[in-house]
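*Asks:* This is the content of coords.cif (mmCIF, C-alpha atoms):
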data_start
#
loop_
_atom_site.label_atom_id
_atom_site.label_comp_id
_atom_site.auth_asym_id
_atom_site.auth_seq_id
_atom_site.Cartn_x
_atom_site.Cartn_y
_atom_site.Cartn_z
CA MET A 1 0.00 0.00 0.00
CA LYS A 2 1.29 3.42 -0.93
CA ILE A 3 0.57 6.38 1.28
CA GLY A 4 -0.03 9.26 -1.11
CA ASP A 5 -0.31 12.99 -0.84
CA GLY A 6 -2.57 14.65 1.66
CA PHE A 7 -2.97 14.27 5.41
CA LEU A 8 -0.50 11.41 5.93
CA LYS A 9 2.27 12.92 3.83
CA TYR A 10 1.67 16.37 5.32
CA ASN A 11 2.03 14.93 8.82
CA ASN A 12 5.16 12.85 8.03
CA ILE A 13 3.42 9.48 8.42
CA GLU A 14 4.87 6.62 6.36
CA LEU A 15 4.35 2.90 5.92
CA LEU A 16 7.40 1.21 7.41
CA ASP A 17 6.88 -2.52 7.06
CA ASP A 18 4.36 -4.12 4.70
CA ASP A 19 4.41 -7.52 6.44
CA ASN A 20 3.60 -6.22 9.92
CA CYS A 21 1.84 -3.04 8.79
CA LYS A 22 4.09 -0.88 10.96
CA VAL A 23 3.52 2.83 10.43
CA LYS A 24 6.02 5.54 11.38
CA LEU A 25 5.54 9.16 12.37
CA ASN A 26 8.67 11.26 11.89
CA ILE A 27 8.46 13.91 14.61
CA THR A 28 9.05 17.51 13.54
CA LYS A 29 8.47 20.80 15.34
CA ASP A 30 5.06 20.91 13.61
CA SER A 31 4.09 17.61 15.30
CA LEU A 32 4.33 19.10 18.78
CA ASN A 33 1.71 20.60 21.07
CA PRO A 34 2.48 23.68 23.22
CA TYR A 35 4.10 21.40 25.85
CA GLY A 36 6.73 20.14 23.40
CA ILE A 37 5.33 16.62 22.98
CA VAL A 38 3.60 15.01 19.99
CA HIS A 39 0.02 16.26 19.76
CA GLY A 40 -2.40 13.59 21.02
CA GLY A 41 -4.54 13.86 17.90
CA LEU A 42 -1.53 13.08 15.73
CA THR A 43 -0.64 10.08 17.90
CA PHE A 44 -4.26 8.93 17.51
CA SER A 45 -4.07 9.39 13.73
CA LEU A 46 -0.90 7.29 13.61
CA GLY A 47 -2.61 4.37 15.38
CA ASP A 48 -5.80 4.67 13.35
CA THR A 49 -3.74 4.67 10.16
CA ALA A 50 -1.80 1.56 11.19
CA MET A 51 -5.00 -0.35 11.97
CA GLY A 52 -6.50 0.76 8.65
CA VAL A 53 -3.36 -0.40 6.81
CA MET A 54 -3.68 -3.81 8.49
CA CYS A 55 -7.28 -4.10 7.29
CA HIS A 56 -6.25 -3.08 3.78
CA LYS A 57 -3.53 -5.76 3.83
CA LEU A 58 -6.29 -8.28 4.58
CA ASN A 59 -8.22 -6.98 1.53
CA LYS A 60 -10.81 -5.15 3.62
CA ASN A 61 -11.83 -1.59 2.80
CA VAL A 62 -12.85 -0.06 6.11
CA VAL A 63 -13.96 3.11 7.84
CA THR A 64 -13.55 3.75 11.54
CA LEU A 65 -16.69 3.20 13.62
CA ASN A 66 -15.08 3.76 17.01
CA ALA A 67 -11.59 4.11 18.42
CA ASN A 68 -10.12 4.53 21.86
CA ILE A 69 -6.63 5.51 23.00
CA ASN A 70 -4.85 5.40 26.32
CA TYR A 71 -1.81 7.67 26.52
CA LEU A 72 0.85 6.17 28.77
CA LYS A 73 3.90 8.41 28.23
CA PRO A 74 4.64 11.60 26.31
CA GLY A 75 5.43 11.26 22.61
CA VAL A 76 9.00 12.56 22.32
CA GLY A 77 12.13 11.76 20.34
CA LYS A 78 12.77 11.40 16.61
CA TYR A 79 9.81 9.21 15.67
CA LEU A 80 6.87 7.07 16.82
CA ILE A 81 6.05 3.58 15.52
CA ALA A 82 2.54 2.06 15.49
CA ILE A 83 2.16 -1.73 15.36
CA PRO A 84 -1.40 -3.05 14.78
CA ASN A 85 -2.87 -6.47 15.56
CA VAL A 86 -6.21 -8.03 14.54
CA VAL A 87 -8.39 -9.04 17.49
CA LYS A 88 -11.42 -10.21 15.47
CA MET A 89 -12.27 -10.12 11.78
CA GLY A 90 -16.01 -10.44 11.18
CA LYS A 91 -18.19 -10.20 8.08
CA THR A 92 -19.18 -6.54 8.50
CA THR A 93 -16.94 -5.27 11.31
CA CYS A 94 -13.50 -5.94 12.68
CA VAL A 95 -11.68 -5.05 15.89
CA LEU A 96 -7.98 -4.28 16.09
CA ASN A 97 -5.56 -3.02 18.67
CA CYS A 98 -2.38 -1.06 18.22
CA ASN A 99 0.66 -0.35 20.37
CA ILE A 100 2.54 2.87 19.76
CA TYR A 101 6.22 3.15 20.69
CA ASP A 102 8.78 5.95 20.71
CA ASP A 103 12.26 5.71 19.21
CA ASN A 104 13.58 4.22 22.48
CA ASP A 105 11.03 1.38 22.30
CA ASN A 106 8.97 2.83 25.17
CA LEU A 107 5.26 2.02 24.93
CA ILE A 108 3.61 5.45 24.85
CA ALA A 109 0.01 4.60 23.89
CA ILE A 110 -2.41 1.70 23.43
CA MET A 111 -5.33 1.90 20.99
CA THR A 112 -8.36 -0.19 20.12
CA GLY A 113 -10.44 0.38 17.01
CA THR A 114 -13.66 -0.99 15.56
CA TYR A 115 -13.97 -0.74 11.78
CA TYR A 116 -16.89 -1.18 9.39
CA ILE A 117 -16.06 -3.21 6.28
CA VAL A 118 -17.43 -1.21 3.35
CA GLY A 119 -16.77 -3.73 0.59
CA ASP A 120 -15.77 -2.56 -2.87
CA LEU A 121 -16.43 1.15 -2.32
CA TRP A 122 -12.86 2.30 -3.16
CA LYS A 123 -11.62 -0.44 -5.52
#
Would you mind writing the file's structure down as structure tokens?
*Replies:*
Amino acid sequence: MKIGDGFLKYNNIELLDDDNCKVKLNITKDSLNPYGIVHGGLTFSLGDTAMGVMCHKLNKNVVTLNANINYLKPGVGKYLIAIPNVVKMGKTTCVLNCNIYDDNDNLIAIMTGTYYIVGDLWK
């Protein structure tokens, strides 16, 4: 899967590993909130993207129905990595989780997402 122009490119989010669907956020000064840490919404977008990439790898076109994030540590350093995992793949919905790490391999956030499988909408 190729991440094209738009939101992901603008926010320095890139697909790192096709086999494991790892997604990387390269941290820049524009990624930071007023406290000097990665903005929580951007961390959320990274996890949501990784879970969506995993669904796409499984040939499922999805949209997010619901997602939840628990922030454990501040997002700091050079980059963040999101690693998704399928919990359950159903006929119309699927549930995934995602761990997000900093560049020192510290777990900084845990996400869960529920996705609606939309079929051939974007093929």
*Asks:* Check what the PyMOL selection byres ((chain A and resi 51-59) around 10) selects in the file above and give those residues as a PyMOL selection string.
*Replies:* chain A and resi 1-3+15+18-23+45-50+60-64+82-86+89+94-98+111-115+117+119-120
*Asks:* Could you spell out the hits of the PyMOL selection byres ((chain A and resi 76) around 9) on the shown file, as a PyMOL selection string?
*Replies:* chain A and resi 27+32+36-38+73-75+77-80+102-103
*Asks:* Give as a ChimeraX atom specification each residue that has an atom at most 9 Å from (5.2, 3.6, 26.2) in the file, counting all atoms listed in the file.
*Replies:* /A:71-75,99-102,105-110
*Asks:* Which one is closest to A:Ile69: A:Thr43, A:Asn104, A:Asn26, A:Asn12? Count all atoms listed in the file.
*Replies:* A:Thr43
*Asks:* Build an axis-aligned box that encloses every atom of stretch 64-67 of chain A listed in the file, pad it by 4 Å on each side, and report its centre and edge lengths in Å to one decimal, as AutoDock Vina command-line options.
*Replies:*
--center_x -14.1 --center_y 3.7 --center_z 15.0 --size_x 13.1 --size_y 8.9 --size_z 14.9
*Asks:* Tell me which of A:Val118, A:Leu25, A:Leu65, A:Val87 sits closest to A:Lys9, counting all atoms listed in the file.
*Replies:* A:Leu25
*Asks:* So how far away is atom CA of A:Lys24 from atom CA of A:Asn70, in Å?
*Replies:*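 Taking atom CA of A:Asn70 as the start and atom CA of A:Lys24 as the end point, the length is 18.5 Å.
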*Asks:* When distances are computed from all atoms listed in the file, which of A:Asn11, A:Thr93, A:Tyr116, A:Ile81 shows the smallest separation from A:His39?
*Replies:* A:Asn11
*Asks:* Calculate how many Å separate atom CA of A:Glu14 from atom CA of A:Asn68, rounding to one decimal.
*Replies:*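 Going from atom CA of A:Glu14 over to atom CA of A:Asn68 covers 21.7 Å.
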*Asks:* For the atom pair atom CA of A:Ile13 and atom CA of A:Leu42, what is the interatomic distance in Å to one decimal place?
*Replies:*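 Computed distance, atom CA of A:Ile13 to atom CA of A:Leu42, equals 9.5 Å.
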